[in-house]
Amino acid sequence: MSFHIQTSLSWICVALLACLPMADVRAEDAAKAPATKSEKTTATLPGIDGKTVEIPLAAPGKVTVLCFLGSECPLARLYGPRLQLMSQEFGDQVQFIGLNSNLHDSLEDVTEYVKAHKLSFPFAKDYDNRIADHFEAERTPEVIVLDAVGKVRYRGRIDDQYLPGIVKPAPTRDDLKLALQEIVSRKEVSVARTEAVGCLIGKVYAEEITTNLTYCRDVAPVLQKHCVECHRPGDIGPFALTDFDEVVGWGDMILEVVDQGRMPPWHANPGINHFANERRMTDKEKALLEEWVNGGMPFGNAEELPEPETYVEGWSLPKPPDVVLDMHRKPFDVPSEGFVEYQYYVVDPQFEEDKWITAAQVLPGNRAVVHHCIVFVRPPDGEKYRGLGWIAAYVPGQRSVAMPSGYARRVPAGSQLVFQMHYTPNGIAQSDLTKIGLIFEEEKNVTHEVATLVAINSEFEIPPHAADHPVSGSLSQLPRQGHILAIAPHMHYRGKTCRVFAHEGNEKTVLLDVPAYDFNWQHVYELATPRPLKGLDKLSFVCKFDNSENNPFNPNPNDFVTWGDQSSEEMAIAFFEVAFERGAEADPEPTKTPQKVDLAREHRVKEFVDDFFKRFDKDSDGIVKRDELPTSMQRFAFKNFDRDNNSHLDREEIQKLANASAAL
C-alpha cells in the first residue's frame with residue numbers, strides 16, 4: 001500500500017550527489033600552478049558550431065577563467081547563466097572559457113547546454129579529459145583562474161548560494177567575483193581556494209579490465225531495481241541510467257553517493273521496524289558496483305541485458321481520473337534562480353455531495369521546478385471532519401498507487417481543495433501548471449475510511465547555534481478502533497533526527513527511528529504490518545534540530561527559529577495514516593462525563609482566545625490585523641483561518657481555531 005509521498009531517485013537526488021564539505025583556504029595556502037605536462041602553451045579543442053577553441057596551458061597573456069561545466073549536472077545548470085553575467089561584467093579585463101570534460105556528454109549535448117543558457121564565451125569539448133587532468137579539475141561546476149603569466153590564483157566554487165538541497169536567498173560570499181576583483185586590482189587573493197561543490201567529472205575509464213562482472217549481466221539489473229524508475233528518458237532524473245555510455249560516465253559519482261549512503265534515498269533505521277516501501281541497496285549490490293567500476297566497467301554480452309521495465313507516462317492511476325482539477329486558471333512563472341516562497345491556490349471542485357476518493361494523483365506540469373505539492377481539503381465551516389484533510393502529495397519520484405479495495409477518503413460536500421506549491425529554480429525561467437486527478441468510489445462500497453491524524457508542536461523556539469535541540473509532541477485522543485498504516489515525520493532544513501513512539505500502559509515502543517533526517521526526501525514510511533490502535537494510550541515523537549553553523553543546510557545559525565511554513569522556518573510534525581472500519585465505534589473512550597468535558601473544553605477555548613488577543617491585538621480594537629502578527633504566523637494564520645479574506649482575524653475566527661485545537 002502506498003500513501004501520499006513515495007520517493008525514489010530524482011533531480012533533487014542529483015543535487016545531493018554534490019554534497020561535500022566546503023572549506024576556505026587563505027592566500028598563503030593557494031593552489032600552485034600544476035607542473036607542466038607538455039611543452040605546448042595552448043591546446044586546441046573542438047567548440048560548438050564547427051569552431052575550435054584555444055585553451056591556454058601556460059601564459060595566457062590575460063586573466064583567464066576556465067569554467068568546467070557539465071550538461072546534466074544541476075549545479076552546472078544553475079551557475080551557467082551566472083558565469084555569463086560575470087563574463088559581461090568584467091569585459092575585456094578577463095576572458096572566460098567553458099569546458100566540458102565529461103565522457104558521457106557529447107558535443108551535441110555541449111551545444112544544447114550553451115544555447116539553453118545563452119552563453120556567449122567560448123566553450124569547448126574536452127575529449128579524454130586532458131585539460132581537466134592538466135589543471136586537476138574534479139567537479140562541475142568548478143572554476144580555475146589563471147593570471148597573465150599562467151599562475152593559478154583561484155580555484156573552487158563560484159559562490160556559496162546553491163548548496164546540495166538548499167537555496168539561500170543570496171550568496172553570503174561571491175568567491176569567484178571577489179577573487180577576480182582582487183586580481184585585476186593587483187592584490188593578493190584573500191581566499192584563493194575553496195572546495196568545489198558539484199558532480200564528479202565523468203572521466204575516461206581504465207582500459208584494463210580486472211573484473212568478470214559486466215554491465216549487461218550484473219550492473220544493469222541493479223540500476224534497474226534502484227535507479228531507473230526516475231533516471232530514464234522523459235522522467236525527472238536529469239540524466240538517464242538506461243544506456244551503457246551514460247552509466248560509465250557517472251561511474252565514480254554512483255560509487256560516491258552509494259558509499260556515503262545518499263543513494264538510494266532511505267532514512268529509516270534498519271534495526272527498528274520494517275516497512276513495505278523500503279529503498280535500500282544491499283551490501284552485496286554495493287560491492288558489485290564498486291568492483292565493476294574499479295575493474296574497468298566492461299560491457300559484456302548484450303543478450304544478457306534484462307528486459308526493460310515498462311512505465312506509465314502521465315497518469316499512473318488504475319483508470320482515467322473521474323475529475324481533473326488544475327491548481328489555477330493560469331501557470332505560475334518560476335524565475336531562473338533565487339528563492340521562491342510557497343504558493344497557495346484554492347480550488348472549488350463544486351462537490352454538491354460527499355465524495356469518497358479511492359485513488360488520487362498530483363501531476364506536476366513541470367517536474368524540473370516542482371519540489372513538492374500537497375493538496376488538502378478545506379471543509380465547510382462547522383463540518384465534522386476526521387483527520388487533517390490531506391488528499392495527495394507529490395515529490396520527485398512519487399508513484400501513486402490506488403488504495404486497497406474498499407478503502408477511501410471522504411471529502412465533504414462544499415469543500416475546497418488547497419494546493420501548496422513549492423518551487424525550486426533550476427537556471428532557466430519556466431512555468432508550471434500542476435493538476436490533480438481523482439478517482440471516486442460509491443459510498444456503499446467503502447468498508448474503511450482513511451484519514452490522516454497528526455501529532456504536532458508549534459510552540460517551540462530553537463536558540464541560535466543549538467546543535468541538538470529537542471522538540472516533542474504527542475497525540476493522546478486516539479480512536480479505539482483502526483490501524484496505523486504509515487508514518488511521516490516532517491521538519492525543514494534544521495531537522496536532524498526523529499523518533500516516533502507508541503505508548504501502551506507503561507510500555508513505550510519505537511515505531512520509527514530516522515537518525516539522519518533529510519528535508520529533500522519527504523518519505524512516508526509504510527508499516528509492513530499495520531499497527532492496531534486498540535490499547536494505545538497515545539502516539540508521540542521527539543524531533544531534534546541542528547541550528548548550528550555545522551549544519552550545511554542551515555539558512556542562518558544566528559536566528560531564533562520558530563514555527564512557520566517556509567523552509568527557513570521550522571515545523572515539528574508526525575503524520576499518521578490510519579484506516580477505520582466503517583460502522584465501528586471510532587471515537588475516543590470518554591474519561592469524563594459529557595457535561596464536564598464540555599465545560600473543560602469551553603474553558604480551554606476561552607483561555608486560548610483571550611490569550612491570543614492579549615498577545616497580538618496591539619491596538620486593542622478587537623481584531624488582529626496581519627501586521628500585528630509575527631511573520632511566520634502571518635502566512636500560516638491568514639492562509640488557513642481568515643475565511644472571509646479581509647486581512648484580519650476576529651474573535652469568531654480565532655474561536656473556531658481554538659475549538660478545532662481543543663477537539664484533538
# chains A, B, ... in the order shown; residues from 1 in each chain; ligands from 1
>>> residues_around(residues="segment 351-368 of chain A", least_positions_apart="4", cutoff="7 Å", atoms="only C-alpha atoms", output="PyMOL selection string")
chain A and resi 236+392-394+400+402-403+407-415+432-443
>>> select_by_dssp(residues="segment 431-608 of chain A", states="alpha helix (DSSP H)", output="list in words")
Pro594, Gln595, Lys596, Val597, Asp598, Leu599, Ala600, Arg601, Glu602, His603, Arg604, Val605, Lys606, Glu607 and Phe608 of chain A
>>> residues_around(residues="segment 474-490 of chain A", least_positions_apart="3", cutoff="6 Å", atoms="only C-alpha atoms", output="PDB file with N, CA and C atoms, in the first residue's frame")
ATOM      1  N   ALA A 455       0.288  14.463  15.116  1.00  0.00           N
ATOM      2  CA  ALA A 455       0.874  14.941  16.365  1.00  0.00           C
ATOM      3  C   ALA A 455       1.740  16.136  16.004  1.00  0.00           C
ATOM      4  N   VAL A 524       7.127   8.802   3.309  1.00  0.00           N
ATOM      5  CA  VAL A 524       6.088   8.219   4.130  1.00  0.00           C
ATOM      6  C   VAL A 524       6.502   6.770   4.358  1.00  0.00           C
ATOM      7  N   TYR A 525       6.683   6.403   5.599  1.00  0.00           N
ATOM      8  CA  TYR A 525       7.169   5.068   5.937  1.00  0.00           C
ATOM      9  C   TYR A 525       5.972   4.153   6.169  1.00  0.00           C
ATOM     10  N   GLU A 526       5.752   3.240   5.225  1.00  0.00           N
ATOM     11  CA  GLU A 526       4.585   2.358   5.250  1.00  0.00           C
ATOM     12  C   GLU A 526       4.901   1.100   6.060  1.00  0.00           C
ATOM     13  N   LEU A 527       4.194   0.913   7.133  1.00  0.00           N
ATOM     14  CA  LEU A 527       4.443  -0.230   8.001  1.00  0.00           C
ATOM     15  C   LEU A 527       4.193  -1.536   7.250  1.00  0.00           C
ATOM     16  N   PRO A 530       0.430  -3.348   9.579  1.00  0.00           N
ATOM     17  CA  PRO A 530      -0.290  -2.241  10.225  1.00  0.00           C
ATOM     18  C   PRO A 530      -0.395  -2.436  11.733  1.00  0.00           C
ATOM     19  N   ARG A 531      -0.256  -1.330  12.472  1.00  0.00           N
ATOM     20  CA  ARG A 531      -0.280  -1.386  13.939  1.00  0.00           C
ATOM     21  C   ARG A 531      -1.683  -1.034  14.450  1.00  0.00           C
ATOM     22  N   PRO A 532      -2.338  -1.957  15.193  1.00  0.00           N
ATOM     23  CA  PRO A 532      -3.676  -1.645  15.731  1.00  0.00           C
ATOM     24  C   PRO A 532      -3.617  -0.474  16.712  1.00  0.00           C
ATOM     25  N   LEU A 533      -4.646   0.355  16.672  1.00  0.00           N
ATOM     26  CA  LEU A 533      -4.762   1.457  17.624  1.00  0.00           C
ATOM     27  C   LEU A 533      -5.324   0.989  18.968  1.00  0.00           C
ATOM     28  N   LYS A 534      -6.019  -0.115  18.965  1.00  0.00           N
ATOM     29  CA  LYS A 534      -6.659  -0.603  20.177  1.00  0.00           C
ATOM     30  C   LYS A 534      -5.624  -0.813  21.277  1.00  0.00           C
ATOM     31  N   LYS A 538      -1.383   6.743  23.660  1.00  0.00           N
ATOM     32  CA  LYS A 538      -1.020   7.915  22.865  1.00  0.00           C
ATOM     33  C   LYS A 538       0.086   7.554  21.883  1.00  0.00           C
ATOM     34  N   LEU A 539       0.282   8.434  20.918  1.00  0.00           N
ATOM     35  CA  LEU A 539       1.416   8.393  19.994  1.00  0.00           C
ATOM     36  C   LEU A 539       2.229   9.656  20.232  1.00  0.00           C
ATOM     37  N   SER A 540       3.540   9.554  20.148  1.00  0.00           N
ATOM     38  CA  SER A 540       4.378  10.727  20.414  1.00  0.00           C
ATOM     39  C   SER A 540       5.592  10.718  19.503  1.00  0.00           C
ATOM     40  N   ILE A 573       6.305  17.835  13.232  1.00  0.00           N
ATOM     41  CA  ILE A 573       5.044  17.134  12.977  1.00  0.00           C
ATOM     42  C   ILE A 573       5.321  15.650  12.752  1.00  0.00           C
ATOM     43  N   ALA A 574       4.395  14.825  13.187  1.00  0.00           N
ATOM     44  CA  ALA A 574       4.365  13.419  12.775  1.00  0.00           C
ATOM     45  C   ALA A 574       2.964  13.126  12.254  1.00  0.00           C
ATOM     46  N   PHE A 575       2.880  12.745  10.988  1.00  0.00           N
ATOM     47  CA  PHE A 575       1.607  12.376  10.372  1.00  0.00           C
ATOM     48  C   PHE A 575       1.405  10.862  10.514  1.00  0.00           C
ATOM     49  N   PHE A 576       0.156  10.465  10.730  1.00  0.00           N
ATOM     50  CA  PHE A 576      -0.180   9.049  10.845  1.00  0.00           C
ATOM     51  C   PHE A 576      -1.330   8.734   9.895  1.00  0.00           C
ATOM     52  N   GLU A 577      -1.079   7.845   8.944  1.00  0.00           N
ATOM     53  CA  GLU A 577      -2.142   7.359   8.066  1.00  0.00           C
ATOM     54  C   GLU A 577      -2.887   6.257   8.798  1.00  0.00           C
ATOM     55  N   VAL A 578      -4.181   6.432   8.973  1.00  0.00           N
ATOM     56  CA  VAL A 578      -4.969   5.494   9.764  1.00  0.00           C
ATOM     57  C   VAL A 578      -6.193   5.070   8.960  1.00  0.00           C
ATOM     58  N   ALA A 579      -6.520   3.788   9.034  1.00  0.00           N
ATOM     59  CA  ALA A 579      -7.728   3.265   8.400  1.00  0.00           C
ATOM     60  C   ALA A 579      -8.698   2.811   9.479  1.00  0.00           C
ATOM     61  N   PHE A 580      -9.964   3.272   9.375  1.00  0.00           N
ATOM     62  CA  PHE A 580     -11.017   2.899  10.315  1.00  0.00           C
ATOM     63  C   PHE A 580     -12.045   2.043   9.588  1.00  0.00           C
ATOM     64  N   ALA A 586     -15.427   4.628  16.560  1.00  0.00           N
ATOM     65  CA  ALA A 586     -14.074   5.134  16.334  1.00  0.00           C
ATOM     66  C   ALA A 586     -13.712   6.283  17.251  1.00  0.00           C
ATOM     67  N   ASP A 587     -14.660   6.715  18.117  1.00  0.00           N
ATOM     68  CA  ASP A 587     -14.371   7.855  18.981  1.00  0.00           C
ATOM     69  C   ASP A 587     -13.570   7.421  20.191  1.00  0.00           C
ATOM     70  N   PRO A 588     -12.809   8.354  20.785  1.00  0.00           N
ATOM     71  CA  PRO A 588     -12.031   8.008  21.971  1.00  0.00           C
ATOM     72  C   PRO A 588     -12.934   7.596  23.123  1.00  0.00           C
TER      73      PRO A 588
END
>>> residues_around(residues="Trp390 of chain A", least_positions_apart="2", cutoff="9 Å", atoms="only C-alpha atoms", output="list in words")
His4, Ile374, Val375, Phe376, Val377, Gly387, Leu388, Ala392, Ala393, Ala451 and Thr452 of chain A
>>> write_last_selection(atoms="N, CA, C and O atoms", output="tab-separated table (two decimals), in the first residue's frame")
chain	number	residue	atom	x	y	z
A	4	HIS	N	0.30	9.06	-0.04
A	4	HIS	CA	0.80	10.43	-0.12
A	4	HIS	C	2.11	10.55	-0.87
A	4	HIS	O	2.16	11.01	-1.97
A	374	ILE	N	1.40	19.64	-2.14
A	374	ILE	CA	0.47	18.96	-1.23
A	374	ILE	C	-0.93	19.50	-1.50
A	374	ILE	O	-1.12	20.71	-1.61
A	375	VAL	N	-1.89	18.61	-1.62
A	375	VAL	CA	-3.28	19.00	-1.82
A	375	VAL	C	-4.09	18.50	-0.63
A	375	VAL	O	-4.05	17.31	-0.31
A	376	PHE	N	-4.79	19.42	0.03
A	376	PHE	CA	-5.57	19.03	1.18
A	376	PHE	C	-6.95	19.68	1.13
A	376	PHE	O	-7.19	20.62	0.36
A	377	VAL	N	-7.84	19.16	1.97
A	377	VAL	CA	-9.24	19.58	1.97
A	377	VAL	C	-9.44	20.72	2.95
A	377	VAL	O	-8.92	20.70	4.07
A	387	GLY	N	-9.59	13.89	10.91
A	387	GLY	CA	-8.23	13.93	10.40
A	387	GLY	C	-7.83	15.28	9.84
A	387	GLY	O	-8.55	16.28	9.93
A	388	LEU	N	-6.66	15.29	9.25
A	388	LEU	CA	-6.04	16.52	8.77
A	388	LEU	C	-6.63	17.01	7.46
A	388	LEU	O	-6.62	18.19	7.16
A	392	ALA	N	-3.57	14.19	-1.27
A	392	ALA	CA	-2.48	13.58	-2.03
A	392	ALA	C	-1.31	14.54	-2.05
A	392	ALA	O	-1.45	15.72	-1.71
A	393	ALA	N	-0.15	14.04	-2.43
A	393	ALA	CA	1.04	14.88	-2.49
A	393	ALA	C	1.96	14.37	-3.59
A	393	ALA	O	1.85	13.22	-4.04
A	451	ALA	N	-7.86	8.27	6.99
A	451	ALA	CA	-7.70	9.66	7.44
A	451	ALA	C	-6.26	9.87	7.90
A	451	ALA	O	-5.53	8.91	8.18
A	452	THR	N	-5.86	11.11	7.97
A	452	THR	CA	-4.52	11.48	8.42
A	452	THR	C	-4.63	12.16	9.77
A	452	THR	O	-5.18	13.25	9.89
>>> closest_residue(among="A:Pro404, A:Pro335, A:Pro557, A:Gly495", to="Pro464 of chain A", atoms="only C-alpha atoms")
A:Pro557
